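Here's entry_21.txt, which has compact mmCIF, C-alpha atoms and all ligand atoms:
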```
# COMPACT_ATOMS: atom_id res chain seq x y z
CA MET A 1 0.00 0.00 0.00
CA ALA A 2 2.11 2.93 1.24
CA LYS A 3 5.36 3.34 -0.65
CA SER A 4 8.25 5.71 -0.56
CA ALA A 5 8.92 8.39 -3.16
CA GLY A 6 11.93 6.37 -4.28
CA GLU A 7 9.61 3.56 -5.35
CA SER A 8 7.54 5.93 -7.48
CA THR A 9 6.76 4.58 -10.93
CA LYS A 10 6.69 8.05 -12.46
CA THR A 11 9.00 8.23 -15.45
CA PRO A 12 10.17 11.21 -17.49
CA SER A 13 8.00 9.91 -20.30
CA SER A 14 4.82 10.16 -18.18
CA PRO A 15 2.46 11.99 -20.49
CA GLY A 16 0.50 14.11 -18.08
CA LYS A 17 0.54 15.60 -14.67
CA THR A 18 0.78 13.90 -11.32
CA ILE A 19 -1.55 15.25 -8.67
CA GLY A 20 -1.69 14.63 -4.94
CA LEU A 21 -4.92 14.17 -3.00
CA LEU A 22 -5.35 14.26 0.76
CA THR A 23 -8.23 14.34 3.22
CA SER A 24 -7.68 16.47 6.30
CA GLY A 25 -9.51 17.30 9.55
CA GLY A 26 -12.45 15.36 10.97
CA ASP A 27 -13.83 12.72 8.64
CA CYS A 28 -17.40 12.71 7.33
CA ALA A 29 -19.59 10.80 4.92
CA GLY A 30 -18.87 11.53 1.26
CA LEU A 31 -15.07 11.76 1.38
CA ASN A 32 -14.69 8.53 -0.57
CA ALA A 33 -17.11 9.84 -3.18
CA VAL A 34 -14.76 12.83 -3.58
CA ILE A 35 -11.74 10.51 -3.97
CA ARG A 36 -13.59 8.46 -6.58
CA ALA A 37 -14.53 11.57 -8.57
CA VAL A 38 -11.00 13.02 -8.51
CA VAL A 39 -9.50 9.73 -9.66
CA ALA A 40 -12.09 9.22 -12.39
CA ARG A 41 -11.68 12.73 -13.80
CA ALA A 42 -7.90 12.87 -13.54
CA ILE A 43 -7.27 9.49 -15.15
CA GLN A 44 -10.13 9.19 -17.62
CA GLY A 45 -10.41 12.87 -18.46
CA TYR A 46 -6.76 13.86 -18.60
CA GLY A 47 -4.61 10.73 -18.40
CA TRP A 48 -2.95 11.95 -15.21
CA ARG A 49 -1.54 10.06 -12.26
CA VAL A 50 -3.09 10.46 -8.78
CA TYR A 51 -1.22 9.94 -5.53
CA GLY A 52 -3.41 9.51 -2.45
CA ILE A 53 -1.56 10.86 0.59
CA ARG A 54 -2.24 9.04 3.85
CA HIS A 55 -3.59 10.77 6.97
CA GLY A 56 -3.59 14.34 5.69
CA THR A 57 -0.29 16.17 6.02
CA MET A 58 1.00 13.38 8.29
CA GLY A 59 1.70 11.30 5.19
CA LEU A 60 3.96 14.08 3.91
CA LEU A 61 5.73 14.42 7.24
CA ARG A 62 6.60 10.77 7.72
CA ARG A 63 9.59 9.12 6.08
CA PRO A 64 9.23 7.18 3.97
CA LEU A 65 6.40 9.30 2.63
CA GLU A 66 3.03 7.60 3.08
CA PHE A 67 1.06 7.58 -0.13
CA GLU A 68 -0.33 5.25 -2.73
CA GLU A 69 -1.09 5.57 -6.38
CA LEU A 70 -4.84 5.54 -6.92
CA ASP A 71 -5.96 3.90 -10.13
CA LEU A 72 -9.30 3.26 -11.79
CA ARG A 73 -9.95 0.25 -9.58
CA ILE A 74 -10.73 2.80 -6.86
CA SER A 75 -13.18 4.47 -9.16
CA THR A 76 -15.80 1.73 -8.88
CA VAL A 77 -19.23 2.39 -7.49
CA ASN A 78 -18.43 0.60 -4.19
CA ILE A 79 -16.32 3.42 -2.80
CA LEU A 80 -19.09 5.90 -3.67
CA ARG A 81 -21.24 4.44 -0.91
CA LEU A 82 -18.53 4.03 1.70
CA GLY A 83 -18.34 6.21 4.83
CA GLY A 84 -15.04 7.54 6.19
CA THR A 85 -11.98 8.08 4.00
CA ILE A 86 -9.87 5.30 2.53
CA LEU A 87 -6.87 7.65 2.77
CA GLY A 88 -7.26 8.25 6.50
CA THR A 89 -7.22 11.73 8.01
CA THR A 90 -6.21 13.63 11.11
CA ASN A 91 -7.43 16.71 12.94
CA LYS A 92 -4.20 16.93 14.91
CA GLY A 93 -0.62 17.64 13.95
CA ASN A 94 -0.65 21.16 12.50
CA PRO A 95 2.83 21.17 10.90
CA PHE A 96 3.34 24.82 11.89
CA ALA A 97 2.85 23.92 15.58
CA PHE A 98 3.44 20.20 15.68
CA PRO A 99 2.97 18.59 19.12
CA MET A 100 6.18 16.76 20.02
CA PRO A 101 6.33 13.76 22.41
CA ASP A 102 8.09 15.90 25.05
CA GLY A 103 5.12 18.28 25.21
CA THR A 104 6.70 21.08 23.17
CA VAL A 105 5.47 22.24 19.77
CA ARG A 106 7.73 22.59 16.74
CA ASP A 107 7.39 24.13 13.30
CA ARG A 108 7.77 21.14 10.96
CA SER A 109 6.30 22.83 7.90
CA THR A 110 9.53 22.63 5.90
CA GLU A 111 9.49 18.84 6.27
CA VAL A 112 5.97 18.72 4.81
CA ILE A 113 6.96 21.01 1.95
CA ASP A 114 10.00 18.83 1.32
CA GLY A 115 7.64 15.82 1.29
CA VAL A 116 5.56 17.44 -1.45
CA ARG A 117 8.74 18.04 -3.48
CA GLN A 118 9.88 14.45 -3.03
CA LEU A 119 6.51 13.25 -4.24
CA GLY A 120 7.02 15.21 -7.46
CA ILE A 121 3.41 16.33 -7.79
CA ASP A 122 2.27 19.16 -10.05
CA ALA A 123 -0.69 20.11 -7.88
CA LEU A 124 -2.37 19.15 -4.63
CA ILE A 125 -6.07 18.74 -3.89
CA GLY A 126 -6.85 19.18 -0.20
CA VAL A 127 -10.23 18.04 1.07
CA GLY A 128 -10.80 19.84 4.35
CA GLY A 129 -12.58 22.41 6.48
CA ASP A 130 -11.53 25.97 7.19
CA GLY A 131 -8.84 24.95 9.71
CA SER A 132 -7.20 22.55 7.25
CA PHE A 133 -7.44 25.09 4.43
CA ALA A 134 -5.67 27.75 6.50
CA ILE A 135 -2.78 25.31 7.11
CA LEU A 136 -2.66 23.98 3.54
CA ARG A 137 -2.81 27.47 2.08
CA ARG A 138 0.13 28.60 4.22
CA LEU A 139 2.09 25.53 3.17
CA ALA A 140 1.20 26.26 -0.46
CA GLN A 141 2.37 29.85 -0.19
CA GLU A 142 5.62 28.99 1.57
CA GLY A 143 6.37 25.94 -0.58
CA GLY A 144 5.12 27.11 -3.98
CA ILE A 145 2.50 24.34 -4.08
CA ASN A 146 -0.37 24.52 -6.57
CA LEU A 147 -3.34 23.99 -4.27
CA VAL A 148 -7.05 23.44 -4.88
CA GLY A 149 -9.49 22.97 -1.98
CA ILE A 150 -12.64 20.87 -1.66
CA PRO A 151 -14.82 21.78 1.35
CA LYS A 152 -15.96 19.02 3.70
CA THR A 153 -17.33 19.26 7.20
CA ILE A 154 -20.48 18.12 8.93
CA ASP A 155 -20.48 21.55 10.63
CA ASN A 156 -21.11 23.31 7.27
CA ASP A 157 -19.18 26.32 8.50
CA VAL A 158 -16.88 26.85 5.50
CA GLY A 159 -17.59 30.22 3.90
CA ALA A 160 -18.67 30.86 0.28
CA THR A 161 -20.38 27.48 -0.18
CA GLU A 162 -23.95 26.58 0.63
CA ALA A 163 -22.93 23.03 1.46
CA SER A 164 -19.80 21.14 2.37
CA VAL A 165 -19.41 17.41 1.86
CA GLY A 166 -20.77 15.51 4.88
CA TYR A 167 -23.25 18.10 6.11
CA HIS A 168 -26.38 16.60 4.58
CA THR A 169 -25.60 13.14 5.93
CA ALA A 170 -25.07 14.52 9.43
CA VAL A 171 -28.42 16.34 9.25
CA MET A 172 -30.08 13.15 8.05
CA VAL A 173 -28.63 11.18 10.97
CA ALA A 174 -29.76 13.82 13.48
CA THR A 175 -33.23 13.95 11.90
CA GLU A 176 -33.49 10.18 12.08
CA ALA A 177 -32.50 10.35 15.76
CA LEU A 178 -35.46 12.69 16.36
CA ASP A 179 -37.71 10.29 14.42
CA ARG A 180 -36.65 7.55 16.83
CA LEU A 181 -36.84 9.69 19.96
CA GLN A 182 -40.36 10.97 19.31
CA PRO A 183 -42.25 7.66 19.78
CA THR A 184 -40.40 6.76 22.96
CA ALA A 185 -40.87 10.31 24.28
CA ALA A 186 -44.62 10.04 23.64
CA SER A 187 -44.82 6.55 25.18
CA HIS A 188 -43.22 7.71 28.44
CA ASP A 189 -44.47 11.33 28.68
CA ARG A 190 -40.90 12.61 28.48
CA VAL A 191 -38.94 15.58 27.27
CA MET A 192 -36.09 14.31 25.11
CA ILE A 193 -32.95 16.39 24.65
CA LEU A 194 -30.77 15.63 21.65
CA GLU A 195 -27.24 17.09 21.61
CA VAL A 196 -25.79 17.36 18.12
CA MET A 197 -22.36 18.33 16.78
CA GLY A 198 -21.53 21.45 14.83
CA ARG A 199 -18.59 22.98 16.67
CA ASP A 200 -19.17 26.74 16.57
CA ALA A 201 -22.11 26.68 14.17
CA GLY A 202 -25.72 25.61 14.69
CA HIS A 203 -26.46 24.46 11.13
CA ILE A 204 -26.99 20.77 12.01
CA ALA A 205 -29.19 21.60 15.01
CA LEU A 206 -31.34 24.08 13.07
CA ALA A 207 -31.85 21.94 9.98
CA ALA A 208 -32.42 18.66 11.84
CA GLY A 209 -34.59 20.38 14.42
CA ILE A 210 -36.93 21.71 11.72
CA ALA A 211 -36.91 18.47 9.71
CA GLY A 212 -37.37 16.30 12.81
CA GLY A 213 -40.18 18.29 14.41
CA ALA A 214 -38.31 19.70 17.42
CA ASP A 215 -40.11 22.00 19.85
CA VAL A 216 -36.97 23.81 20.97
CA ILE A 217 -33.73 24.38 19.03
CA LEU A 218 -30.76 25.93 20.79
CA ILE A 219 -27.84 27.14 18.67
CA PRO A 220 -24.72 29.10 19.64
CA GLU A 221 -25.68 32.01 17.38
CA ILE A 222 -28.86 32.85 19.35
CA PRO A 223 -28.56 33.49 23.11
CA TYR A 224 -31.14 31.61 25.18
CA THR A 225 -32.59 31.67 28.68
CA MET A 226 -33.75 28.58 30.52
CA GLU A 227 -36.87 30.46 31.58
CA ALA A 228 -37.89 30.87 27.91
CA VAL A 229 -37.17 27.19 27.18
CA ALA A 230 -39.09 26.00 30.25
CA ALA A 231 -42.04 28.30 29.55
CA HIS A 232 -42.32 26.90 26.01
CA ILE A 233 -42.26 23.30 27.22
CA SER A 234 -44.77 24.01 29.99
CA LYS A 235 -47.09 25.61 27.43
CA ILE A 236 -46.88 22.49 25.23
CA ARG A 237 -47.74 20.29 28.22
CA GLN A 238 -50.61 22.55 29.30
CA ARG A 239 -52.06 22.26 25.82
CA GLY A 240 -52.23 18.52 26.36
CA ARG A 241 -49.18 17.19 24.51
CA ASN A 242 -47.32 14.80 26.76
CA PHE A 243 -43.86 14.97 25.19
CA ALA A 244 -41.42 17.48 23.75
CA LEU A 245 -38.25 17.33 21.67
CA VAL A 246 -35.32 19.65 22.29
CA VAL A 247 -32.27 19.89 20.01
CA VAL A 248 -29.16 21.57 21.37
CA ALA A 249 -25.97 22.26 19.42
CA GLU A 250 -22.80 21.22 21.24
CA ALA A 251 -21.36 24.75 21.22
CA VAL A 252 -24.30 26.29 23.07
CA PRO A 253 -22.87 27.78 26.27
CA ASP A 254 -24.01 26.73 29.74
CA LEU A 255 -26.26 28.84 31.96
CA THR A 256 -23.31 31.01 33.00
CA GLY A 257 -22.20 31.62 29.42
CA ARG A 258 -19.26 29.22 29.45
CA SER A 259 -18.69 26.65 26.69
CA VAL A 260 -19.01 23.04 27.81
CA ARG A 261 -16.00 20.96 26.82
CA GLN A 262 -14.48 17.55 27.44
CA GLN A 263 -10.79 17.03 28.12
CA ARG A 264 -9.15 14.69 25.59
CA ALA A 265 -5.84 12.86 25.60
CA GLY A 266 -2.93 15.04 24.53
CA GLY A 267 -4.30 18.10 26.31
CA THR A 268 -6.94 18.98 23.71
CA THR A 269 -10.61 19.58 24.38
CA THR A 270 -13.76 19.09 22.32
CA TYR A 271 -17.31 20.29 22.87
CA GLY A 272 -19.67 17.95 24.69
CA GLY A 273 -21.99 17.89 27.67
CA ILE A 274 -24.36 20.84 27.22
CA GLY A 275 -27.26 18.40 26.65
CA HIS A 276 -27.03 17.12 30.23
CA ILE A 277 -27.02 20.66 31.62
CA ILE A 278 -30.11 21.61 29.60
CA GLU A 279 -31.80 18.35 30.64
CA LYS A 280 -31.34 19.01 34.35
CA ALA A 281 -32.49 22.61 34.01
CA ILE A 282 -35.66 21.59 32.13
CA ALA A 283 -36.45 18.91 34.69
CA GLY A 284 -35.92 21.39 37.54
CA LEU A 285 -38.02 24.17 36.02
CA THR A 286 -40.90 22.14 34.52
CA GLY A 287 -41.06 18.99 36.63
CA ALA A 288 -41.05 16.96 33.41
CA GLU A 289 -39.28 13.64 33.16
CA THR A 290 -36.28 14.13 30.88
CA ARG A 291 -33.68 12.05 29.05
CA VAL A 292 -30.66 13.12 27.01
CA THR A 293 -29.05 11.61 23.92
CA VAL A 294 -25.61 12.77 22.81
CA LEU A 295 -25.37 11.84 19.15
CA GLY A 296 -21.63 12.38 18.74
CA HIS A 297 -19.61 10.75 15.99
CA VAL A 298 -22.58 8.78 14.68
CA GLN A 299 -23.18 11.94 12.65
CA ARG A 300 -19.89 11.53 10.82
CA GLY A 301 -20.15 7.89 9.79
CA GLY A 302 -22.29 5.71 7.60
CA GLN A 303 -23.31 5.89 3.97
CA PRO A 304 -23.44 9.36 2.46
CA THR A 305 -26.88 10.63 1.44
CA TRP A 306 -27.62 11.09 -2.26
CA ASP A 307 -26.98 14.83 -2.07
CA ASP A 308 -23.61 14.41 -0.35
CA ARG A 309 -22.64 11.95 -3.10
CA LEU A 310 -23.81 14.41 -5.73
CA ILE A 311 -21.91 17.37 -4.29
CA ALA A 312 -18.83 15.25 -3.65
CA SER A 313 -18.84 14.06 -7.26
CA ALA A 314 -19.31 17.56 -8.67
CA PHE A 315 -16.59 18.93 -6.39
CA GLY A 316 -14.10 16.21 -7.33
CA VAL A 317 -14.56 16.66 -11.07
CA HIS A 318 -14.42 20.46 -10.85
CA ALA A 319 -11.30 20.46 -8.68
CA VAL A 320 -9.42 18.44 -11.31
CA ASP A 321 -10.72 20.77 -14.04
CA LEU A 322 -9.37 23.73 -12.07
CA ILE A 323 -5.91 22.14 -12.10
CA ALA A 324 -6.22 21.50 -15.84
CA GLY A 325 -7.00 25.20 -16.30
CA GLY A 326 -4.03 26.24 -14.15
CA ARG A 327 -6.35 27.88 -11.63
CA PHE A 328 -4.92 27.46 -8.15
CA ASP A 329 -5.48 28.80 -4.64
CA ARG A 330 -9.19 28.24 -5.26
CA MET A 331 -11.89 26.22 -3.56
CA VAL A 332 -14.77 24.50 -5.28
CA ALA A 333 -18.14 25.55 -3.88
CA TRP A 334 -21.85 24.85 -4.19
CA GLN A 335 -23.88 27.94 -5.01
CA ASN A 336 -27.31 28.32 -6.58
CA ARG A 337 -27.67 24.63 -7.39
CA ARG A 338 -24.35 24.31 -9.19
CA VAL A 339 -20.66 23.80 -8.62
CA VAL A 340 -18.51 26.94 -8.90
CA ASP A 341 -15.13 28.00 -7.55
CA VAL A 342 -14.01 30.85 -5.30
CA PRO A 343 -10.66 32.13 -4.00
CA LEU A 344 -9.59 29.98 -1.03
CA ALA A 345 -8.91 33.17 0.91
CA THR A 346 -12.58 34.17 0.64
CA ALA A 347 -13.75 30.79 1.85
CA ILE A 348 -11.67 30.88 5.02
CA GLU A 349 -12.07 34.57 5.82
CA ARG A 350 -14.53 33.77 8.60
CA PRO A 351 -16.53 30.71 9.64
CA GLN A 352 -20.03 30.56 8.23
CA GLN A 353 -22.36 30.54 11.22
CA VAL A 354 -26.16 30.55 11.23
CA ASP A 355 -27.45 34.02 10.42
CA PRO A 356 -30.08 34.79 13.11
CA ASP A 357 -32.06 36.67 10.42
CA SER A 358 -31.89 33.83 7.90
CA ALA A 359 -34.87 32.26 6.18
CA LEU A 360 -34.44 28.98 8.08
CA VAL A 361 -34.49 30.76 11.44
CA HIS A 362 -37.65 32.52 10.24
CA THR A 363 -39.10 29.13 9.25
CA ALA A 364 -38.39 27.73 12.71
CA ARG A 365 -40.06 30.68 14.40
CA GLY A 366 -42.96 30.46 11.96
CA LEU A 367 -43.51 26.84 12.98
CA GLY A 368 -43.72 27.87 16.62
CA ILE A 369 -40.35 26.34 17.49
CA SER A 370 -38.67 28.10 20.41
CA LEU A 371 -35.07 29.22 19.85
CA GLY A 372 -34.80 29.90 23.56
CA ASP A 373 -34.80 33.67 23.22
CA ALA A 374 -38.46 34.47 23.76
O1 LIG A 401 -15.58 19.48 12.91
C1 LIG A 401 -16.24 18.26 12.91
C2 LIG A 401 -16.51 17.80 14.31
O2 LIG A 401 -17.23 16.58 14.24
C3 LIG A 401 -17.25 18.79 15.19
O3 LIG A 401 -18.62 18.83 14.93
C4 LIG A 401 -16.90 18.28 16.57
O4 LIG A 401 -16.95 19.32 17.52
C5 LIG A 401 -15.48 17.79 16.39
O5 LIG A 401 -15.29 17.56 15.00
C6 LIG A 401 -15.14 16.53 17.15
O6 LIG A 401 -13.80 16.29 17.01
P1 LIG A 401 -13.12 14.89 17.34
O7 LIG A 401 -13.29 14.03 16.13
O8 LIG A 401 -11.70 15.25 17.59
O9 LIG A 401 -13.82 14.31 18.53
```
Rendering of file as structure tokens:
Amino acid sequence: MAKSAGESTKTPSSPGKTIGLLTSGGDCAGLNAVIRAVVARAIQGYGWRVYGIRHGTMGLLRRPLEFEELDLRISTVNILRLGGTILGTTNKGNPFAFPMPDGTVRDRSTEVIDGVRQLGIDALIGVGGDGSFAILRRLAQEGGINLVGIPKTIDNDVGATEASVGYHTAVMVATEALDRLQPTAASHDRVMILEVMGRDAGHIALAAGIAGGADVILIPEIPYTMEAVAAHISKIRQRGRNFALVVVAEAVPDLTGRSVRQQRAGGTTTYGGIGHIIEKAIAGLTGAETRVTVLGHVQRGGQPTWDDRLIASAFGVHAVDLIAGGRFDRMVAWQNRRVVDVPLATAIERPQQVDPDSALVHTARGLGISLGDA
């Protein structure tokens, strides 16, 4: 599988380009559909060679380099349906501040750039979120690498694109969780709290909450009070409905305004735990019986939905076409029902959070869903 640059089969007589492809940051459904599309377009459309780099920039940091040539065998329909990424990925190990075993951090970016040179690629396609793009772009600028970005993240917080690969699948999983929670909530007269991912953006919570019939949706972009949440649930119960569904995004702060995080190995933290706080507060204020479900990484796995496969395929093909046109430092994007491309700098300018005045927020309010602010 992995082979060193010395074993490369590239010869001076290779007709076309050689491109590198890596997946970076948290995985999500649809990454393999991207890989399939890139390979299909590069080989069938242009006769190029594609090197799949293992575990994001880690594959370029390790010696021997960790990569494999991807051929048309990868481009079958099987991989289209497969969750995760066959290349592996990492959301740790920023080469500009690489965590060393002794606890220090070191700038190892020149080693990564050297890895790209050893690989002998003409261009690199990075599939990532805004954090990965910021790192890859800096590497590209410092190392003279021809970079094209493909946005992926269940959080859907990359700018300049209506959708990133993985988002729709995560929303579908969260919606299905609400579908499953509703009957058990009704059977037991309970208030069910569902905590969903989304890091600093409430897109998953808002979309799944609307699609899954939630009564309350809490997102980090709209400040809430527990009094407003409790009053809404009490009103539902007074009207005779015996259950309620609450969706809370992981980045919603606690009652004192602090973010709720879990300590992870290696000194990092991730969001998690706000659902339990909201559950206890609802139980205390309304007297309702409550239960909490933390959906977690279930939202990242499984088969991609049809629309994630569609976007992934369009993104992969367009990214290769950008390279063919010599158009670098750009990101493919989904806008107005079609694939386009934008400067990478625009896409990572700021994270795309939920606009509190957006049409979907208006829809939620129009349905009588409480956003915890009134
Ligand atoms: O960015 C994707 C994401 O799934 C976030 O929604 C979540 O906060 C985070 O990654 C979890 O990270 P990890 O995979 O390190 O637990």
Ligand LIG 401 (chain A): which residues are within 7 Å, counting all atoms listed in the file, as a PyMOL selection string?
-> chain A and resi 26+91+153-155+197-199+270-271+297+300
Point out the residue among A:Val294, A:Leu70, A:Leu119, A:Leu136 with the least atom-to-atom distance to Ala177 of chain A, counting all atoms listed in the file.
->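 Closest candidate: A:Val294.
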Nearest to Gly129 of chain A: which of A:Gly59, A:Gly166, A:Gly272, A:Pro99 is it, counting all atoms listed in the file?
-> A:Gly166
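In this comparison, which uses only C-alpha atoms, the residue of A:Asp321, A:Glu221, A:Asp329, A:Glu69 approaching Ser358 of chain A most closely is A:Glu221.
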Of the candidates A:Thr57, A:Thr169, A:Thr89, A:Thr269, which shows the shortest atom-to-atom distance to Asp114 of chain A, using all atoms listed in the file?
-> A:Thr57
Which protein, DNA or RNA residues have an atom at most 12 Å from (-25.2, 20.9, 34.2), counting only C-alpha atoms? List them as a compact mmCIF listing (two decimals) with C-alpha atoms, in the frame of the given file.
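The resulting part.txt:
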```txt
# COMPACT_ATOMS: atom_id res chain seq x y z
CA PRO A 253 -22.87 27.78 26.27
CA ASP A 254 -24.01 26.73 29.74
CA LEU A 255 -26.26 28.84 31.96
CA THR A 256 -23.31 31.01 33.00
CA ARG A 258 -19.26 29.22 29.45
CA SER A 259 -18.69 26.65 26.69
CA VAL A 260 -19.01 23.04 27.81
CA ARG A 261 -16.00 20.96 26.82
CA GLY A 272 -19.67 17.95 24.69
CA GLY A 273 -21.99 17.89 27.67
CA ILE A 274 -24.36 20.84 27.22
CA GLY A 275 -27.26 18.40 26.65
CA HIS A 276 -27.03 17.12 30.23
CA ILE A 277 -27.02 20.66 31.62
CA ILE A 278 -30.11 21.61 29.60
CA GLU A 279 -31.80 18.35 30.64
CA LYS A 280 -31.34 19.01 34.35
CA ALA A 281 -32.49 22.61 34.01
CA ILE A 282 -35.66 21.59 32.13
CA ALA A 283 -36.45 18.91 34.69
CA GLY A 284 -35.92 21.39 37.54
CA VAL A 292 -30.66 13.12 27.01
```
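Note that the spacing between atom CA of Leu87 of chain A and atom CA of Arg73 of chain A amounts to 14.7 Å.
Each of A:Ala208, A:Val229, A:Ile217, A:Val112 was compared to Val252 of chain A using all atoms listed in the file, and A:Ile217 turns out to be the nearest.
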d(atom CA of Ala205 of chain A, atom CA of Glu289 of chain A) in Å =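 It comes out at 22.2 Å.
Here atom CA of Ala140 of chain A and atom CA of Ile113 of chain A stand 8.2 Å from one another.
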Find the spatial neighbours of segment 75-83 of chain A, counting only C-alpha atoms, within a cut-off of 12 Å - ignore same-chain residues fewer than 2 positions away - and output them as a ChimeraX atom specification.
-> /A:27-44,50,70-73,85-88,165-166,169-170,298-313,316
Within 10 Å of Leu360 of chain A, counting all atoms listed in the file, which residues qualify if same-chain residues fewer than 5 places away don't, as a list of chain:residue names?
->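 Everything that qualifies: A:His203, A:Leu206, A:Ala207, A:Ile210, A:Val354, A:Asp355, A:Arg365, A:Gly366.
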Restricting it to C-alpha atoms, dump the selection as a compact mmCIF listing (two decimals), in the frame of the given file.
```txt
# COMPACT_ATOMS: atom_id res chain seq x y z
CA HIS A 203 -26.46 24.46 11.13
CA LEU A 206 -31.34 24.08 13.07
CA ALA A 207 -31.85 21.94 9.98
CA ILE A 210 -36.93 21.71 11.72
CA VAL A 354 -26.16 30.55 11.23
CA ASP A 355 -27.45 34.02 10.42
CA ARG A 365 -40.06 30.68 14.40
CA GLY A 366 -42.96 30.46 11.96
```
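Neighbouring residues of Gly131 of chain A at 10 Å or closer, counting only C-alpha atoms and skipping chain neighbours under 5 positions away, are Ser24, Gly25, Asn91, Asn94, Leu136, Val158, Ile348 and Pro351 of chain A.
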Name the closest residue to Ala123 of chain A among the candidates A:Ile204, A:Val248, A:Ala163, A:Ala319; distances are taken between atoms, counting all atoms listed in the file.
->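 Closest candidate: A:Ala319.
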At a cut-off of 9 Å from (1.4, 21.9, 8.5) in the coordinates of the file, what residues are picked up using only C-alpha atoms, written as a PyMOL selection string?
-> chain A and resi 57-58+61+93-98+107-113+132+135-136+138-139
9 Å contact set for Ile323 of chain A, only C-alpha atoms, chain neighbours under 6 positions out, as a CSV table (one decimal) with C-alpha atoms, keeping the file's coordinate frame:
```csv
chain,number,residue,atom,x,y,z
A,19,ILE,CA,-1.6,15.2,-8.7
A,122,ASP,CA,2.3,19.2,-10.0
A,123,ALA,CA,-0.7,20.1,-7.9
A,124,LEU,CA,-2.4,19.2,-4.6
A,125,ILE,CA,-6.1,18.7,-3.9
A,146,ASN,CA,-0.4,24.5,-6.6
A,147,LEU,CA,-3.3,24.0,-4.3
A,148,VAL,CA,-7.0,23.4,-4.9
```
Neighbour list for Val340 of chain A as a list in words, cut-off 9 Å, all atoms listed in the file, skip fewer than 5 positions in-chain |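 Non-adjacent residues within range: Thr161, Phe315, His318, Met331, Val332, Ala333, Trp334 and Gln335 of chain A.
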